[in-house]
>>> print(open('work.cif').read())   # mmCIF, C-alpha atoms
data_work
#
loop_
_atom_site.label_atom_id
_atom_site.label_comp_id
_atom_site.auth_asym_id
_atom_site.auth_seq_id
_atom_site.Cartn_x
_atom_site.Cartn_y
_atom_site.Cartn_z
CA MET A 1254 100.48 108.85 118.05
CA ALA A 1255 97.02 110.44 117.99
CA LYS A 1256 94.66 109.23 120.68
CA LEU A 1257 91.87 107.07 119.27
CA GLU A 1258 88.39 108.48 119.88
CA TYR A 1259 85.01 106.79 119.37
CA ASP A 1260 81.44 108.06 119.15
CA LYS A 1261 78.63 106.71 121.31
CA THR A 1262 77.98 103.88 118.83
CA GLY A 1263 81.60 102.71 119.08
CA ARG A 1264 82.62 104.08 115.66
CA LEU A 1265 86.28 105.13 115.42
CA LEU A 1266 86.47 108.83 114.57
CA PHE A 1267 88.87 110.76 112.36
CA THR A 1268 89.87 113.57 114.73
CA LYS A 1269 91.30 117.06 114.26
CA GLU A 1270 94.62 115.77 115.63
CA MET A 1271 94.64 113.05 112.95
CA LYS A 1272 94.23 115.68 110.23
CA LYS A 1273 97.75 116.92 111.06
CA GLU A 1274 99.40 113.49 111.33
CA TYR A 1275 97.52 111.01 109.12
CA THR A 1276 97.64 110.32 105.38
CA ILE A 1277 94.17 109.73 103.90
CA LEU A 1278 94.12 106.99 101.24
CA ALA A 1279 91.47 107.27 98.53
CA PRO A 1280 90.50 104.50 96.07
CA GLN A 1281 90.71 105.31 92.37
CA MET A 1282 87.82 105.26 89.90
CA LEU A 1283 88.53 107.97 87.32
CA PRO A 1284 92.27 108.78 87.30
CA ASP A 1285 92.10 112.35 85.95
CA HIS A 1286 88.96 113.39 87.83
CA PHE A 1287 90.19 111.96 91.12
CA ALA A 1288 93.71 113.44 90.75
CA MET A 1289 92.14 116.91 90.67
CA ILE A 1290 89.78 116.16 93.56
CA VAL A 1291 92.75 114.96 95.64
CA GLU A 1292 94.61 118.19 94.87
CA ILE A 1293 91.59 120.21 96.01
CA ILE A 1294 91.35 118.29 99.31
CA ARG A 1295 95.09 118.80 99.87
CA SER A 1296 94.60 122.55 99.51
CA TYR A 1297 92.46 122.39 102.67
CA GLY A 1298 95.35 121.03 104.72
CA TYR A 1299 94.73 117.28 104.41
CA LYS A 1300 97.39 114.75 103.44
CA VAL A 1301 95.68 112.69 100.74
CA GLU A 1302 96.91 110.08 98.26
CA MET A 1303 94.98 108.48 95.41
CA LEU A 1304 95.80 104.79 95.25
CA GLU A 1305 97.21 103.27 92.08
CA ASN A 1306 97.81 99.70 93.29
CA THR A 1307 96.10 97.28 90.95
CA GLY A 1308 96.12 93.72 89.65
CA ARG A 1309 95.56 90.35 91.25
CA PRO A 1310 96.86 91.30 94.75
CA VAL A 1311 94.00 93.81 95.06
CA ILE A 1312 91.39 91.23 94.04
CA ASP A 1313 92.92 88.65 96.38
CA ALA A 1314 92.82 91.06 99.33
CA GLY A 1315 89.18 91.89 98.56
CA GLN A 1316 88.18 88.24 98.37
CA LYS A 1317 90.09 87.44 101.55
CA TYR A 1318 88.42 90.09 103.69
CA VAL A 1319 85.03 90.65 102.01
CA HIS A 1320 82.24 88.08 101.70
CA ASN A 1321 81.98 86.77 98.13
CA ASP A 1322 78.28 87.69 98.03
CA ALA A 1323 79.27 91.35 98.08
CA CYS A 1324 79.28 93.04 94.69
CA TYR A 1325 82.49 93.24 92.70
CA PRO A 1326 83.07 97.01 93.17
CA ALA A 1327 82.97 96.52 96.95
CA ILE A 1328 85.51 93.69 96.72
CA LEU A 1329 87.81 95.82 94.53
CA VAL A 1330 87.55 99.09 96.48
CA ILE A 1331 88.03 97.42 99.86
CA GLY A 1332 90.75 95.17 98.43
CA GLN A 1333 92.61 98.19 97.04
CA LEU A 1334 92.46 100.00 100.39
CA ILE A 1335 93.55 97.04 102.54
CA ASN A 1336 96.24 95.99 100.07
CA ALA A 1337 97.67 99.52 100.29
CA VAL A 1338 97.68 99.52 104.10
CA GLN A 1339 99.40 96.11 104.15
CA SER A 1340 101.91 97.00 101.41
CA GLY A 1341 104.51 98.42 103.79
CA LYS A 1342 104.48 101.76 101.95
CA TYR A 1343 102.59 103.46 104.79
CA ASP A 1344 102.67 103.40 108.57
CA PRO A 1345 99.33 101.63 109.27
CA HIS A 1346 99.05 103.63 112.51
CA LYS A 1347 99.20 106.89 110.58
CA VAL A 1348 96.72 106.29 107.74
CA ALA A 1349 92.99 106.80 107.34
CA LEU A 1350 90.79 105.46 104.56
CA CYS A 1351 88.03 107.35 102.76
CA ILE A 1352 85.12 105.89 100.85
CA THR A 1353 81.99 107.39 99.28
CA GLN A 1354 78.45 106.68 100.42
CA THR A 1355 75.56 107.61 98.14
CA GLY A 1356 72.88 107.14 100.79
CA GLY A 1357 70.62 105.36 98.28
CA GLY A 1358 69.32 101.81 98.03
CA CYS A 1359 72.46 100.50 96.31
CA ARG A 1360 74.76 98.28 98.33
CA ALA A 1361 77.39 100.98 97.83
CA SER A 1362 75.90 102.73 100.85
CA ASN A 1363 77.01 99.74 102.93
CA TYR A 1364 80.58 99.49 101.61
CA ILE A 1365 81.79 101.46 104.59
CA HIS A 1366 80.45 98.87 107.05
CA LEU A 1367 81.99 96.08 104.98
CA LEU A 1368 85.30 97.99 105.02
CA ARG A 1369 85.30 98.35 108.80
CA LYS A 1370 84.48 94.67 109.18
CA ALA A 1371 87.30 93.80 106.77
CA LEU A 1372 89.77 95.99 108.70
CA GLU A 1373 88.83 94.22 111.92
CA LYS A 1374 89.33 90.83 110.23
CA ALA A 1375 92.74 91.99 108.97
CA GLY A 1376 93.80 93.17 112.43
CA LEU A 1377 93.58 96.83 111.37
CA SER A 1378 90.59 98.00 113.42
CA TYR A 1379 92.64 101.01 114.60
CA VAL A 1380 92.55 102.50 111.06
CA PRO A 1381 89.84 105.21 110.86
CA VAL A 1382 87.42 105.31 107.93
CA ILE A 1383 86.00 108.57 106.57
CA SER A 1384 82.63 108.61 104.81
CA LEU A 1385 82.32 111.02 101.89
CA ASN A 1386 78.59 111.66 101.68
CA LEU A 1387 76.05 114.45 101.34
CA SER A 1388 73.28 112.56 103.14
CA GLY A 1389 74.35 113.13 106.74
CA LEU A 1390 75.17 109.43 107.15
CA GLU A 1391 78.36 109.95 109.13
CA SER A 1392 80.56 112.83 110.23
CA ASN A 1393 84.05 113.15 111.65
CA PRO A 1394 85.45 116.06 113.69
CA GLY A 1395 88.68 116.06 111.66
CA PHE A 1396 87.17 116.06 108.16
CA GLN A 1397 84.50 118.28 106.66
CA LEU A 1398 83.09 118.70 103.18
CA THR A 1399 82.62 122.47 103.07
CA PRO A 1400 80.56 124.33 100.44
CA GLY A 1401 83.77 125.85 99.08
CA MET A 1402 85.41 122.45 98.72
CA LEU A 1403 82.34 120.99 97.01
CA ARG A 1404 82.22 123.91 94.58
CA LYS A 1405 85.82 123.18 93.57
CA VAL A 1406 85.01 119.47 93.22
CA VAL A 1407 82.38 120.45 90.64
CA PHE A 1408 85.16 122.12 88.63
CA ALA A 1409 87.30 118.96 88.90
CA ILE A 1410 84.43 116.79 87.64
CA ILE A 1411 83.64 118.97 84.65
CA TYR A 1412 87.33 119.41 83.74
CA GLY A 1413 87.74 115.63 84.01
CA ASP A 1414 84.70 115.01 81.81
CA LEU A 1415 86.03 117.34 79.12
CA ILE A 1416 89.52 115.80 79.10
CA MET A 1417 88.07 112.28 78.98
CA ASN A 1418 85.74 113.27 76.13
CA VAL A 1419 88.33 114.89 73.84
CA ALA A 1420 91.06 112.34 74.64
CA ASN A 1421 88.74 109.49 73.61
CA GLN A 1422 87.93 111.30 70.35
CA VAL A 1423 91.60 111.88 69.49
CA ARG A 1424 93.53 108.88 70.85
CA PRO A 1425 92.18 106.28 68.35
CA TYR A 1426 93.21 108.45 65.40
CA GLU A 1427 96.54 110.00 66.47
CA VAL A 1428 99.27 109.89 63.84
CA ASN A 1429 102.01 109.71 66.47
CA PRO A 1430 101.18 107.21 69.26
CA GLY A 1431 101.34 108.91 72.64
CA ASP A 1432 100.40 112.42 71.47
CA ALA A 1433 96.95 112.24 73.08
CA ASP A 1434 98.41 111.00 76.38
CA ALA A 1435 100.94 113.85 76.26
CA ALA A 1436 98.05 116.31 75.77
CA VAL A 1437 96.25 114.80 78.76
CA LYS A 1438 99.38 115.22 80.89
CA SER A 1439 99.90 118.79 79.71
CA CYS A 1440 96.31 119.73 80.56
CA MET A 1441 96.41 117.96 83.91
CA ASP A 1442 99.71 119.67 84.79
CA PHE A 1443 98.41 123.19 84.26
CA LEU A 1444 95.06 122.46 85.91
CA LEU A 1445 96.69 120.90 88.99
CA HIS A 1446 99.20 123.76 89.17
CA ASP A 1447 96.39 126.33 89.00
CA MET A 1448 94.28 124.44 91.56
CA ALA A 1449 97.19 124.34 94.00
CA GLN A 1450 97.26 128.15 93.76
CA GLY A 1451 93.49 128.53 93.90
CA LYS A 1452 93.21 129.48 90.22
CA GLY A 1453 90.84 128.24 87.50
CA MET A 1454 87.91 128.24 89.93
CA SER A 1455 85.74 130.99 88.46
CA PHE A 1456 83.24 130.43 85.67
CA LYS A 1457 85.11 132.78 83.34
CA SER A 1458 88.49 131.13 83.94
CA MET A 1459 86.84 127.72 83.53
CA GLU A 1460 85.57 128.67 80.08
CA GLU A 1461 89.05 129.89 79.15
CA ASN A 1462 90.54 126.61 80.40
CA PHE A 1463 87.97 124.67 78.36
CA ASP A 1464 89.20 126.36 75.19
CA ARG A 1465 92.82 125.76 76.22
CA ILE A 1466 92.09 122.05 76.72
CA THR A 1467 90.24 121.59 73.42
CA ALA A 1468 93.01 123.51 71.59
CA ALA A 1469 95.64 121.13 73.03
CA PHE A 1470 93.82 118.13 71.58
CA LYS A 1471 92.90 119.89 68.34
CA ALA A 1472 96.65 120.34 67.76
CA VAL A 1473 97.26 116.56 67.82
CA PRO A 1474 97.75 115.28 64.22
CA VAL A 1475 95.07 112.69 63.39
CA THR A 1476 94.28 110.36 60.52
CA GLY A 1477 91.10 110.76 58.52
CA GLU A 1478 89.88 107.18 58.87
CA GLU A 1479 86.53 106.19 60.37
CA LYS A 1480 86.57 103.69 63.24
CA VAL A 1481 83.78 101.82 64.96
CA LYS A 1482 82.55 103.83 67.94
CA VAL A 1483 81.63 101.84 71.07
CA GLY A 1484 79.74 103.31 74.01
CA ILE A 1485 80.54 102.16 77.55
CA VAL A 1486 77.73 102.28 80.10
CA GLY A 1487 76.85 100.39 83.26
CA GLU A 1488 77.38 100.43 87.02
CA ILE A 1489 79.42 103.52 87.83
CA TYR A 1490 82.55 101.80 89.17
CA VAL A 1491 83.00 99.12 86.50
CA LYS A 1492 81.98 101.64 83.85
CA TYR A 1493 84.84 103.99 84.70
CA ALA A 1494 87.53 102.18 86.72
CA PRO A 1495 90.19 100.35 84.65
CA LEU A 1496 90.62 98.04 87.65
CA GLY A 1497 86.92 97.18 87.56
CA ASN A 1498 86.50 96.59 83.81
CA ASN A 1499 89.86 95.01 82.94
CA ASN A 1500 91.05 98.14 81.11
CA LEU A 1501 88.06 98.06 78.76
CA ALA A 1502 88.81 101.38 77.04
CA ASP A 1503 92.38 100.28 76.27
CA PHE A 1504 91.12 96.96 74.93
CA LEU A 1505 88.69 98.70 72.58
CA LEU A 1506 91.54 100.90 71.34
CA SER A 1507 93.69 97.83 70.72
CA GLU A 1508 90.86 96.38 68.65
CA GLY A 1509 90.69 99.46 66.43
CA ALA A 1510 87.59 101.01 68.03
CA GLU A 1511 86.85 104.42 69.55
CA PRO A 1512 85.52 104.23 73.14
CA VAL A 1513 82.74 106.68 73.96
CA ILE A 1514 82.18 107.13 77.70
CA PRO A 1515 79.39 109.36 79.12
CA GLY A 1516 80.62 111.90 81.66
CA LEU A 1517 80.41 111.76 85.45
CA MET A 1518 78.48 115.04 85.67
CA ASP A 1519 75.32 113.37 84.34
CA PHE A 1520 75.45 110.95 87.28
CA ILE A 1521 75.94 113.82 89.76
CA ILE A 1522 72.97 115.74 88.33
CA PHE A 1523 70.96 112.48 88.29
CA LYS A 1524 71.52 112.10 92.04
CA VAL A 1525 70.38 115.68 92.65
CA ASN A 1526 67.36 115.21 90.38
CA ASN A 1527 66.39 112.11 92.38
CA ARG A 1528 65.96 114.21 95.51
CA SER A 1529 63.46 116.57 93.88
CA ALA A 1530 61.71 113.61 92.19
CA ASP A 1531 61.25 112.04 95.63
CA VAL A 1532 59.28 115.07 96.77
CA ASP A 1533 57.05 114.88 93.68
CA ILE A 1534 56.43 111.15 93.99
CA TYR A 1535 56.40 110.53 97.74
CA GLY A 1536 55.86 113.96 99.25
CA GLY A 1537 58.23 116.02 101.37
CA LYS A 1538 59.34 119.53 102.09
CA TRP A 1539 59.02 122.01 99.25
CA VAL A 1540 62.21 123.70 100.45
CA LYS A 1541 64.17 120.52 99.67
CA GLU A 1542 62.67 120.37 96.18
CA LYS A 1543 63.42 124.06 95.49
CA PHE A 1544 67.02 123.68 96.64
CA CYS A 1545 67.55 120.57 94.50
CA LEU A 1546 66.05 122.29 91.45
CA TRP A 1547 68.40 125.26 92.02
CA LEU A 1548 71.40 122.94 92.42
CA GLU A 1549 70.47 121.03 89.26
CA LYS A 1550 70.30 124.31 87.32
CA TYR A 1551 73.67 125.36 88.80
CA LEU A 1552 75.38 122.11 87.76
CA MET A 1553 73.84 122.24 84.29
CA LYS A 1554 75.34 125.70 83.78
CA TYR A 1555 78.77 124.07 83.96
CA GLN A 1556 77.66 121.17 81.77
CA HIS A 1557 76.34 123.53 79.08
CA ALA A 1558 79.63 125.46 79.13
CA MET A 1559 81.51 122.20 78.47
CA ILE A 1560 79.15 121.21 75.65
CA ASP A 1561 79.54 124.66 74.05
CA ALA A 1562 83.36 124.38 74.26
CA LEU A 1563 83.27 121.01 72.49
CA LYS A 1564 81.09 122.40 69.72
CA ARG A 1565 83.28 125.50 69.30
CA ALA A 1566 86.31 123.30 68.79
CA GLY A 1567 84.55 120.97 66.35
CA PHE A 1568 84.43 117.94 68.64
CA ARG A 1569 81.41 115.64 69.02
CA ALA A 1570 79.39 116.90 72.01
CA PRO A 1571 76.97 114.91 74.16
CA GLY A 1572 73.46 116.10 74.99
CA ASP A 1573 72.75 117.71 78.34
CA PHE A 1574 71.04 116.09 81.31
CA HIS A 1575 67.57 117.32 80.33
CA GLU A 1576 67.91 115.65 76.92
CA LEU A 1577 68.86 112.41 78.68
CA HIS A 1578 65.84 112.77 80.94
CA GLU A 1579 63.52 113.47 78.03
CA GLY A 1580 64.79 110.45 76.10
CA ILE A 1581 63.86 107.99 78.83
CA LYS A 1582 60.16 108.87 78.79
CA GLY A 1583 58.10 105.87 77.79
CA TYR A 1584 60.77 103.49 79.10
CA LEU A 1585 61.28 104.08 82.82
CA GLY A 1586 59.83 106.46 85.40
CA ASP A 1587 61.70 108.82 87.74
CA GLY A 1588 61.05 106.47 90.66
CA ASN A 1589 63.40 103.91 89.10
CA LYS A 1590 66.58 105.30 90.65
CA MET A 1591 68.38 102.52 92.54
CA GLY A 1592 71.99 102.19 91.46
CA GLU A 1593 72.24 104.06 88.15
CA GLY A 1594 68.47 103.75 87.74
CA TRP A 1595 66.88 105.19 84.62
CA LEU A 1596 70.13 107.01 83.77
CA LEU A 1597 71.78 103.81 82.52
CA THR A 1598 68.99 103.09 80.03
CA ALA A 1599 68.91 106.78 79.04
CA GLU A 1600 72.63 106.71 78.24
CA MET A 1601 72.14 103.74 75.90
CA ILE A 1602 69.29 105.52 74.12
CA GLU A 1603 71.32 108.74 73.82
CA LEU A 1604 74.27 106.85 72.33
CA ILE A 1605 72.01 105.21 69.73
CA HIS A 1606 70.47 108.58 68.82
CA ALA A 1607 74.02 109.97 68.44
CA GLY A 1608 74.81 107.28 65.85
CA ILE A 1609 76.66 105.01 68.28
CA PRO A 1610 74.54 101.82 68.40
CA ASN A 1611 77.46 99.63 69.53
CA ILE A 1612 77.44 99.52 73.32
CA VAL A 1613 79.14 97.53 76.08
CA CYS A 1614 76.92 97.43 79.18
CA THR A 1615 79.23 96.69 82.14
CA GLN A 1616 77.58 94.82 85.00
CA PRO A 1617 79.00 93.66 88.34
CA PHE A 1618 77.58 90.15 88.69
CA GLY A 1619 74.64 90.20 91.09
CA CYS A 1620 74.07 93.96 90.89
CA LEU A 1621 70.28 93.81 90.84
CA PRO A 1622 69.48 97.47 89.96
CA ASN A 1623 71.85 97.49 87.00
CA HIS A 1624 70.73 94.10 85.72
CA ILE A 1625 67.19 95.51 85.58
CA VAL A 1626 67.95 98.87 83.93
CA GLY A 1627 70.87 97.51 81.89
CA LYS A 1628 70.54 93.89 80.80
CA GLY A 1629 66.79 93.94 81.48
CA MET A 1630 66.20 96.83 79.06
CA ILE A 1631 68.30 95.59 76.16
CA ARG A 1632 65.41 93.62 74.61
CA ARG A 1633 63.13 96.68 74.74
CA ILE A 1634 65.84 98.86 73.20
CA LYS A 1635 66.45 96.23 70.51
CA ASP A 1636 62.74 96.19 69.66
CA ASP A 1637 62.73 99.98 69.17
CA TYR A 1638 66.16 100.16 67.54
CA PRO A 1639 66.73 96.89 65.62
CA TRP A 1640 70.16 98.07 64.44
CA SER A 1641 71.41 98.51 68.03
CA ASN A 1642 74.31 96.23 68.95
CA VAL A 1643 74.45 95.96 72.77
CA VAL A 1644 76.42 93.37 74.71
CA ALA A 1645 76.13 92.99 78.51
CA ILE A 1646 79.39 91.93 80.15
CA ASP A 1647 79.54 90.64 83.73
CA TYR A 1648 82.55 91.57 85.85
CA ASP A 1649 83.35 89.58 89.00
CA PRO A 1650 86.33 87.75 90.53
CA GLY A 1651 85.43 84.50 88.76
CA ALA A 1652 84.87 85.97 85.28
CA THR A 1653 87.73 85.28 82.88
CA LYS A 1654 89.17 88.21 80.95
CA ILE A 1655 89.42 86.12 77.78
CA ASN A 1656 85.71 85.31 77.85
CA GLN A 1657 84.80 88.97 78.37
CA GLU A 1658 87.06 90.06 75.51
CA ASN A 1659 85.78 87.36 73.15
CA ARG A 1660 82.21 88.55 73.65
CA ILE A 1661 83.27 92.13 72.97
CA LYS A 1662 85.15 90.99 69.83
CA LEU A 1663 81.95 89.35 68.58
CA MET A 1664 80.06 92.61 69.15
CA LEU A 1665 82.78 94.47 67.19
CA ALA A 1666 82.59 91.95 64.35
CA ASN A 1667 78.82 92.53 64.17
CA ALA A 1668 79.40 96.30 64.21
CA ARG A 1669 81.85 96.15 61.31
CA ALA A 1670 79.58 93.86 59.30
CA LEU A 1671 76.66 96.27 59.82
CA ALA A 1672 78.82 99.27 58.87
CA LYS A 1673 79.93 97.53 55.68
CA GLU A 1674 76.34 96.63 54.80
CA GLN A 1675 75.21 100.23 55.35
CA ALA A 1676 78.09 101.57 53.23
CA GLU A 1677 77.24 99.20 50.38
CA HIS A 1678 73.57 100.16 50.61
CA ALA A 1679 74.48 103.86 50.49
CA GLY A 1680 76.69 103.21 47.44
CA GLU A 1681 73.86 101.43 45.66
CA LYS A 1682 71.52 104.36 46.25
CA GLU A 1683 74.09 106.83 44.89
CA SER A 1684 74.69 104.78 41.72
CA ALA A 1685 71.00 104.14 41.03
CA PRO A 1686 69.68 106.02 37.94
CA GLN A 1687 67.60 109.08 38.74
CA ALA A 1688 63.99 109.13 37.53
#
>>> encode(input="work.cif", output="structure tokens")
Amino acid sequence: MAKLEYDKTGRLLFTKEMKKEYTILAPQMLPDHFAMIVEIIRSYGYKVEMLENTGRPVIDAGQKYVHNDACYPAILVIGQLINAVQSGKYDPHKVALCITQTGGGCRASNYIHLLRKALEKAGLSYVPVISLNLSGLESNPGFQLTPGMLRKVVFAIIYGDLIMNVANQVRPYEVNPGDADAAVKSCMDFLLHDMAQGKGMSFKSMEENFDRITAAFKAVPVTGEEKVKVGIVGEIYVKYAPLGNNNLADFLLSEGAEPVIPGLMDFIIFKVNNRSADVDIYGGKWVKEKFCLWLEKYLMKYQHAMIDALKRAGFRAPGDFHELHEGIKGYLGDGNKMGEGWLLTAEMIELIHAGIPNIVCTQPFGCLPNHIVGKGMIRRIKDDYPWSNVVAIDYDPGATKINQENRIKLMLANARALAKEQAEHAGEKESAPQA
């Protein structure tokens, strides 16, 4: 067994010896994105597994070991990790846990401390915790985020965004149920195979893979019907994680709607943009601002390539980050960046401009930043866009799934009534005699 080592503050470290012996368990948020990120980390010699345990046992573990005042994503992420360690599937003396830290004002930056406290309460204080952060919050001698690894993670994020985008545009209309899921698996298989061999990690090969992915979904037979499109926005975890939002995308599909989910890359660029905005607003080193502006441009190069691939294949393409940023002017300033900050409101505005006024705004109960830029901005958006149809849904351990789904069903009923009214109005205009 690896010898346990601690830093001067008493924090248990993940050592170089542990890298050889320990399995690192990672919570799941976006299945396809995270599967590729896990494969990249494995290529650097780490034993990593993305957790897929779900359901009530995860929630129960979170509530047992985390204070109920903590936000729902913290309860779920910590519950998923501890439930996995206690499941008997792993040797608890040979596992480490990893968790992200944004370094911002959101409580997510403190999840890691809540996790360590929960491990101690569960009698698992000997399990090391790795912080995945770019803010210098914590470091471990046995785990490093290298520039090369981070560059590959960028590829995983943009590949994941593209697959999520085209799958959501095809799945509601597939003639043969399961074809879209088969296309997802096919694309994931060749991407993971290439990543394991270090392929698909140049800009040119990425563009070729983009066309290969869109072609796979373009080949799926689809019906010609028009379905209600519903945007999903909100706090990043409950927006994306099926565990966090009670499989919201699947529920919308079952109700005959098309889910539209903004990509993760916008959030990544948003976090980079915040750093340069800080220098403008509060002062700071010009070198930091220049680096962040360069990094933002670098990330947007990948985003533009994805958007171009969608357009080439005839799929609906989102706007880029700069269009999002431009759309928020007059609503919120760049200093409003806690949690999802101005990005959440910007995503709602972009969806409305794209002809998708029906939106589910997912909120962990008690998440102050997102209640301000999500629920708090709905009235302003409604004033400017009277036809918008936004419903804010709270997600927490005490919220009943049936109540959440009933509210979404009401939003869908309103959407269909509005669509029918607009169609009738358009028909009347066409049949009206010309002067």
>>> atom_distance(input="work.cif", atom1="atom CA of A:Val1481", atom2="atom CA of A:Ala1510")
5.0 Å
>>> closest_residue(input="work.cif", among="A:Lys1538, A:Leu1278, A:Leu1415, A:Asn1642", to="A:Leu1671", atoms="only C-alpha atoms")
A:Asn1642
>>> atom_distance(input="work.cif", atom1="atom CA of A:Lys1438", atom2="atom CA of A:Leu1403")
24.2 Å
>>> residues_near_point(input="work.cif", point="(90.9, 99.2, 68.0)", cutoff="12 Å", atoms="only C-alpha atoms", output="ChimeraX atom specification")
/A:1421,1424-1426,1479-1483,1501-1512,1661-1662,1665-1666,1669
>>> residues_around(input="work.cif", residues="A:Trp1640", least_positions_apart="3", cutoff="10 Å", atoms="all atoms listed in the file", output="list in words")
Ile1605, Pro1610, Asn1611, Ile1634, Lys1635, Asp1636, Asp1637, Val1643, Ala1668 and Leu1671 of chain A
>>> closest_residue(input="work.cif", among="A:Ile1416, A:Leu1496, A:Met1459, A:Ile1383", to="A:Val1330", atoms="all atoms listed in the file")
A:Leu1496
>>> residues_around(input="work.cif", residues="stretch 1612-1614 of chain A", least_positions_apart="6", cutoff="6 Å", atoms="only C-alpha atoms", output="JSON list (two decimals) with C-alpha atoms, keeping the file's coordinate frame")
[["chain", "number", "residue", "atom", "x", "y", "z"],
["A", 1483, "VAL", "CA", 81.63, 101.84, 71.07],
["A", 1484, "GLY", "CA", 79.74, 103.31, 74.01],
["A", 1485, "ILE", "CA", 80.54, 102.16, 77.55],
["A", 1486, "VAL", "CA", 77.73, 102.28, 80.10],
["A", 1487, "GLY", "CA", 76.85, 100.39, 83.26],
["A", 1643, "VAL", "CA", 74.45, 95.96, 72.77],
["A", 1644, "VAL", "CA", 76.42, 93.37, 74.71],
["A", 1645, "ALA", "CA", 76.13, 92.99, 78.51]]
>>> atom_distance(input="work.cif", atom1="atom CA of A:Ser1458", atom2="atom CA of A:Phe1520")
24.3 Å
>>> residues_around(input="work.cif", residues="A:Lys1273", least_positions_apart="5", cutoff="9 Å", atoms="only C-alpha atoms", output="PyMOL selection string")
chain A and resi 1298-1300
>>> residues_around(input="work.cif", residues="A:Asp1344", least_positions_apart="2", cutoff="12 Å", atoms="only C-alpha atoms", output="list in words")
Met1254, Glu1274, Tyr1275, Thr1276, Ile1277, Leu1278, Ala1337, Val1338, Gln1339, Ser1340, Gly1341, Lys1342, His1346, Lys1347, Val1348, Ala1349, Leu1377, Tyr1379 and Val1380 of chain A
>>> write_last_selection(input="work.cif", atoms="C-alpha atoms", output="short mmCIF file (atom, residue, chain, number, x, y, z; two decimals), in the coordinates of the input")
data_model
loop_
_atom_site.label_atom_id
_atom_site.label_comp_id
_atom_site.auth_asym_id
_atom_site.auth_seq_id
_atom_site.Cartn_x
_atom_site.Cartn_y
_atom_site.Cartn_z
CA MET A 1254 100.48 108.85 118.05
CA GLU A 1274 99.40 113.49 111.33
CA TYR A 1275 97.52 111.01 109.12
CA THR A 1276 97.64 110.32 105.38
CA ILE A 1277 94.17 109.73 103.90
CA LEU A 1278 94.12 106.99 101.24
CA ALA A 1337 97.67 99.52 100.29
CA VAL A 1338 97.68 99.52 104.10
CA GLN A 1339 99.40 96.11 104.15
CA SER A 1340 101.91 97.00 101.41
CA GLY A 1341 104.51 98.42 103.79
CA LYS A 1342 104.48 101.76 101.95
CA HIS A 1346 99.05 103.63 112.51
CA LYS A 1347 99.20 106.89 110.58
CA VAL A 1348 96.72 106.29 107.74
CA ALA A 1349 92.99 106.80 107.34
CA LEU A 1377 93.58 96.83 111.37
CA TYR A 1379 92.64 101.01 114.60
CA VAL A 1380 92.55 102.50 111.06
#
>>> closest_residue(input="work.cif", among="A:Leu1304, A:Leu1385, A:Gly1537, A:Gly1453", to="A:Tyr1343", atoms="all atoms listed in the file")
A:Leu1304
>>> residues_near_point(input="work.cif", point="(94.9, 120.8, 67.1)", cutoff="12 Å", atoms="all atoms listed in the file", output="PyMOL selection string")
chain A and resi 1419-1420+1423+1427+1432-1433+1436+1464-1475+1566-1568
>>> resolve_selection(input="work.cif", expression="the PyMOL selection byres ((chain A and resi 1286) around 12)", output="short mmCIF file (atom, residue, chain, number, x, y, z; two decimals) with C-alpha atoms, in the coordinates of the input")
data_model
loop_
_atom_site.label_atom_id
_atom_site.label_comp_id
_atom_site.auth_asym_id
_atom_site.auth_seq_id
_atom_site.Cartn_x
_atom_site.Cartn_y
_atom_site.Cartn_z
CA GLN A 1281 90.71 105.31 92.37
CA MET A 1282 87.82 105.26 89.90
CA LEU A 1283 88.53 107.97 87.32
CA PRO A 1284 92.27 108.78 87.30
CA ASP A 1285 92.10 112.35 85.95
CA PHE A 1287 90.19 111.96 91.12
CA ALA A 1288 93.71 113.44 90.75
CA MET A 1289 92.14 116.91 90.67
CA ILE A 1290 89.78 116.16 93.56
CA VAL A 1291 92.75 114.96 95.64
CA GLU A 1292 94.61 118.19 94.87
CA ILE A 1293 91.59 120.21 96.01
CA MET A 1303 94.98 108.48 95.41
CA LYS A 1405 85.82 123.18 93.57
CA VAL A 1406 85.01 119.47 93.22
CA VAL A 1407 82.38 120.45 90.64
CA PHE A 1408 85.16 122.12 88.63
CA ALA A 1409 87.30 118.96 88.90
CA ILE A 1410 84.43 116.79 87.64
CA ILE A 1411 83.64 118.97 84.65
CA TYR A 1412 87.33 119.41 83.74
CA GLY A 1413 87.74 115.63 84.01
CA ASP A 1414 84.70 115.01 81.81
CA LEU A 1415 86.03 117.34 79.12
CA ILE A 1416 89.52 115.80 79.10
CA MET A 1417 88.07 112.28 78.98
CA VAL A 1437 96.25 114.80 78.76
CA MET A 1441 96.41 117.96 83.91
CA LEU A 1444 95.06 122.46 85.91
CA LEU A 1445 96.69 120.90 88.99
CA TYR A 1493 84.84 103.99 84.70
CA ALA A 1494 87.53 102.18 86.72
CA GLY A 1516 80.62 111.90 81.66
CA LEU A 1517 80.41 111.76 85.45
CA MET A 1518 78.48 115.04 85.67
#
>>> resolve_selection(input="work.cif", expression="the PyMOL selection byres ((chain A and resi 1545-1556) around 9)", output="ChimeraX atom specification")
/A:1407-1408,1411,1456,1459,1518-1519,1521-1523,1525-1529,1540-1544,1557-1561,1573-1575
>>> resolve_selection(input="work.cif", expression="the PyMOL selection byres ((chain A and resi 1579-1592) around 7)", output="PyMOL selection string")
chain A and resi 1357-1359+1530+1575-1578+1593-1595+1599+1602+1622-1623
>>> closest_residue(input="work.cif", among="A:Ile1331, A:Ala1607, A:Leu1265, A:Leu1597", to="A:Glu1488", atoms="all atoms listed in the file")
A:Leu1597
